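Engineer: Please read through the structure below; I'll follow up with questions.
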Amino acid sequence: MRAHSISQATLADGRELYYFDDAAVDAADGGPGGTDAAAQRLGSRRPGFADRRAPGARSAAGELRFDALTGEWVAIAAHRQSRTHLPPADECPLCPSTPENPSEIPAPDYDVVVFENRFPSLGPDVGQLPAQPAWGTSVPAYGRCEVVSFTQDHTGSFSSLGEVRARTVVEAWAARTAALSALPGIRQVFPFENRGAQIGVTLHHPHGQIYAYPYVPPRAAVLAAAARKYYDDAGGRDTLTGSLLRAERTDGSRMVLEGRHFSAYVPFAARWPLEVHLVPHRQVADLAGLDGGEKDELARLYLDLLRRLDALYPTPTPYIAAWQQAPLDKLLRPAGYLHLQLTSPRRAADKLKYLAGSEAAMGAFINDTTPEAVAERLRDAADTTAAGTTGTEGSTR
Ligand SMILES: [Zn+2]
């Protein structure tokens with residue numbers, strides 16, 4: 001019997017923060033985590049730690065401008081120029097608070113924490129975008145940007161978390177997806193992780209983010225339109241992502257791993273030197289729609305996948321882990337199908353792919369690797385990670 005305890009606190013400038021505690025596992029289950037009662041006590045004391053920083057005004061909101069040339073929205077967030085950039089460890093805003101470092105997290109310890117970004121691209125206000133935007137249309141940057149800290153430990157990465165902790169992060173993603181989806185005007189909720197200073201990470205502490213957009217972002221809109229067309233052509237009886245999953249499992253040459261509820265493969269037309277899609281076997285709109293058994297397996301397989309990625313080279317591989325969820329749009333949502341797109345620009349131990357002319361200006365990707373060869377390397381990486389998995393399992397508290 002597992003239960004994740006969730007509790008809310010408020011930071012000095014009014015931002016919301018949520019503590020997600022590792023599941024308490026009954027002694028009968030033989031797992032780590034102590035008793036439910038102990039976890040409840042621990043969970044309930046954390047919101048009691050007040051933010052001791054001086055109450056301050058929130059960062060100024062940015063704006064959304066309509067790009068008439070493309071029909072896309074652009075967030076103008078000049079206030080983000082002053083955001084914290086690779087601070088030293090003793091000034092880390094994601095470490096638990098100490099007397100010397102009153103951080104973003106008031107409690108002296110935590111498992112997983114989610115809070116509103118101090119320098120958001122979107123928010124804090126939410127609302128509807130105008131239905132007929134044109135050149136010159138500008139609105140407050142409605143929406144929400146949240147930070148998800150995976151652990152109180154400053155070093156390491158998602159892949160070095162234990163399985164219990166990874167499961168808590170999955171729970172946090174699901175709970176925040178549900179909560180953000182319910183905010184007025186939100187059209188897309190996007191949990192993601194940028195890992196590696198090479199791709200622009202500004203804090204080393206292991207963390208991800210969740211953006212809640214007041215519109216369906218361009219790439220999500222392209223995926224959603226293709227999904228909707230396939231769904232309509234199939235009379236509402238099949239999904240595009242489901243059909244691709246079946247095709248990849250039948251073909252087999254690009255499969256990386258197969259579980260009971262999820263499978264991962266390098267897509268047939270991968271755009272990045274490293275690209276893997278992790279897909280649930282059942283059509284589910286978003287992380288909030290997964291059941292307990294699916295979340296358990298997701299935590300395990302996602303760790304497996306990340307460890308394979310890190311086993312490819314002597315140094316950690318930078319990546320973007322992007323959760324594609326169904327848009328909150330009556331027309332698009334029925335065809336939507338949750339999946340992870342894990343991509344990396346790394347094409348060799350010492351080389352990164354840069355998005356240059358063809359990709360950046362034309363959106364036309366050229367991949368210097370073959371998806372089949374990448375899949376084979378990731379399958380073989382399991383041997384290397386087996387030792388690592390044993391070594392790191394449970395090491396994070
Ligand atoms: Zn830290």
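Residue numbering restarts at 1 for every chain of the structure tokens, chains are lettered A, B, ... in their displayed order, and ligands are numbered from 1 as they appear.
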Got a sec to check which residues lie within 8 Å of ligand 1, using only C-alpha atoms and all ligand atoms, and send them as a list of chain:residue names?
Structural biologist: A:Ala89, A:Asp90, A:Glu91, A:Cys92, A:Pro93, A:Leu94, A:Cys95, A:Pro96, A:Gln152, A:Asp153, A:His154, A:Thr155, A:His204, A:His205, A:Pro206
Engineer: Please produce an output containing N, CA and C atoms for each residue in the selection, written as an mmCIF file, in the first residue's frame.
Structural biologist:
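Just written: result-v8.cif:
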data_model
loop_
_atom_site.group_PDB
_atom_site.id
_atom_site.type_symbol
_atom_site.label_atom_id
_atom_site.label_comp_id
_atom_site.auth_asym_id
_atom_site.auth_seq_id
_atom_site.Cartn_x
_atom_site.Cartn_y
_atom_site.Cartn_z
ATOM 1 N N ALA A 89 27.645 26.141 -5.298
ATOM 2 C CA ALA A 89 26.798 25.192 -4.567
ATOM 3 C C ALA A 89 26.261 25.792 -3.264
ATOM 4 N N ASP A 90 27.046 26.645 -2.592
ATOM 5 C CA ASP A 90 26.565 27.159 -1.298
ATOM 6 C C ASP A 90 25.557 28.297 -1.459
ATOM 7 N N GLU A 91 25.235 28.656 -2.701
ATOM 8 C CA GLU A 91 24.169 29.632 -2.932
ATOM 9 C C GLU A 91 23.051 29.031 -3.774
ATOM 10 N N CYS A 92 23.004 27.695 -3.830
ATOM 11 C CA CYS A 92 22.027 27.035 -4.706
ATOM 12 C C CYS A 92 20.602 27.303 -4.238
ATOM 13 N N PRO A 93 19.730 27.792 -5.127
ATOM 14 C CA PRO A 93 18.347 28.063 -4.729
ATOM 15 C C PRO A 93 17.488 26.810 -4.591
ATOM 16 N N LEU A 94 18.007 25.633 -5.027
ATOM 17 C CA LEU A 94 17.205 24.407 -4.960
ATOM 18 C C LEU A 94 17.617 23.495 -3.815
ATOM 19 N N CYS A 95 18.723 23.797 -3.136
ATOM 20 C CA CYS A 95 19.091 23.037 -1.944
ATOM 21 C C CYS A 95 18.147 23.444 -0.802
ATOM 22 N N PRO A 96 17.939 22.571 0.181
ATOM 23 C CA PRO A 96 17.099 22.963 1.324
ATOM 24 C C PRO A 96 17.699 24.187 2.024
ATOM 25 N N GLN A 152 16.924 16.593 -2.770
ATOM 26 C CA GLN A 152 17.597 17.671 -2.030
ATOM 27 C C GLN A 152 19.109 17.613 -2.236
ATOM 28 N N ASP A 153 19.607 16.541 -2.847
ATOM 29 C CA ASP A 153 21.047 16.404 -3.069
ATOM 30 C C ASP A 153 21.491 17.263 -4.247
ATOM 31 N N HIS A 154 22.494 18.074 -4.028
ATOM 32 C CA HIS A 154 22.902 19.058 -5.026
ATOM 33 C C HIS A 154 23.534 18.422 -6.267
ATOM 34 N N THR A 155 24.208 17.302 -6.072
ATOM 35 C CA THR A 155 24.898 16.685 -7.204
ATOM 36 C C THR A 155 24.095 15.479 -7.708
ATOM 37 N N HIS A 204 22.815 23.654 -11.669
ATOM 38 C CA HIS A 204 23.318 22.283 -11.722
ATOM 39 C C HIS A 204 22.458 21.306 -10.920
ATOM 40 N N HIS A 205 21.795 21.804 -9.884
ATOM 41 C CA HIS A 205 20.990 20.938 -9.009
ATOM 42 C C HIS A 205 19.967 20.163 -9.865
ATOM 43 N N PRO A 206 19.870 18.831 -9.679
ATOM 44 C CA PRO A 206 18.973 18.032 -10.550
ATOM 45 C C PRO A 206 17.518 18.522 -10.479
#
Engineer: Might you pull out every residue within 7 Å of region 55-59 of chain A, with only C-alpha atoms counted and same-chain residues fewer than 5 positions away left off, and present them as a list in words?
Structural biologist: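 The residues satisfying every condition are Ala12, Asp13, Arg118 and Phe119 of chain A.
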Engineer: With only C-alpha atoms as the counted atoms, please give the residues lying no more than 10 Å from Val256 (chain A), apart from itself and same-chain residues fewer than 4 positions off, as a PDB file with C-alpha atoms, in the first residue's frame.
Structural biologist:
ATOM      1  CA  ARG A 249       7.252  -3.441 -31.941  1.00  0.00           C
ATOM      2  CA  GLY A 252      11.792  -4.643 -33.818  1.00  0.00           C
ATOM      3  CA  SER A 263       7.914   0.461 -24.550  1.00  0.00           C
ATOM      4  CA  ALA A 264      10.752   2.612 -25.879  1.00  0.00           C
ATOM      5  CA  TYR A 265      12.104   2.857 -29.396  1.00  0.00           C
ATOM      6  CA  VAL A 266      14.172   5.105 -31.629  1.00  0.00           C
ATOM      7  CA  VAL A 276      14.050   7.772 -28.053  1.00  0.00           C
ATOM      8  CA  HIS A 277      10.291   7.732 -27.572  1.00  0.00           C
ATOM      9  CA  LEU A 278       8.864   6.093 -24.446  1.00  0.00           C
ATOM     10  CA  LEU A 305      16.472   4.566 -20.350  1.00  0.00           C
ATOM     11  CA  ARG A 308      21.518   3.640 -21.014  1.00  0.00           C
ATOM     12  CA  VAL A 374      21.424   4.151 -32.273  1.00  0.00           C
ATOM     13  CA  ALA A 375      18.814   1.637 -31.099  1.00  0.00           C
ATOM     14  CA  GLU A 376      21.409  -1.140 -31.162  1.00  0.00           C
ATOM     15  CA  ARG A 377      23.835   0.920 -29.077  1.00  0.00           C
ATOM     16  CA  LEU A 378      21.109   1.681 -26.532  1.00  0.00           C
ATOM     17  CA  ARG A 379      20.083  -1.988 -26.340  1.00  0.00           C
ATOM     18  CA  ASP A 380      23.711  -3.008 -25.770  1.00  0.00           C
ATOM     19  CA  ALA A 381      24.108  -0.316 -23.108  1.00  0.00           C
ATOM     20  CA  ALA A 382      21.929  -2.422 -20.791  1.00  0.00           C
TER      21      ALA A 382
END
Engineer: Using CA of Leu244 (chain A) and CA of Arg282 (chain A) as the two end points, give the distance in Å to one decimal.
Structural biologist: 12.7 Å
Engineer: Report, in Å to a single decimal, how far apart CA of Thr202 (chain A) and CA of Leu309 (chain A) are.
Structural biologist: 21.5 Å
Engineer: Could you check the closest approach to Pro280 (chain A) for each of A:His339, A:Arg254, A:Arg237, A:Lys353 and tell me which residue wins, using only C-alpha atoms?
Structural biologist: A:His339
Engineer: Can you tell me how far CA of Gly123 (chain A) sits from CA of Phe192 (chain A), in Å to one decimal?
Structural biologist: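 Distance reported for this atom pair: 17.6 Å.
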Engineer: Write out as a PyMOL selection string each polymer residue whose atoms come within 6 Å of Thr137 (chain A), counting only C-alpha atoms; drop sequence neighbours fewer than 2 positions from it.
Structural biologist: chain A and resi 65-66+133-135
Engineer: Taking the backbone alone, and naming residues the way the document does, which bits of region 149-233 of chain A are helix (DSSP H, G or I) by DSSP, as a PyMOL selection string?
Structural biologist: chain A and resi 158-160+163-181+197-199+218-233
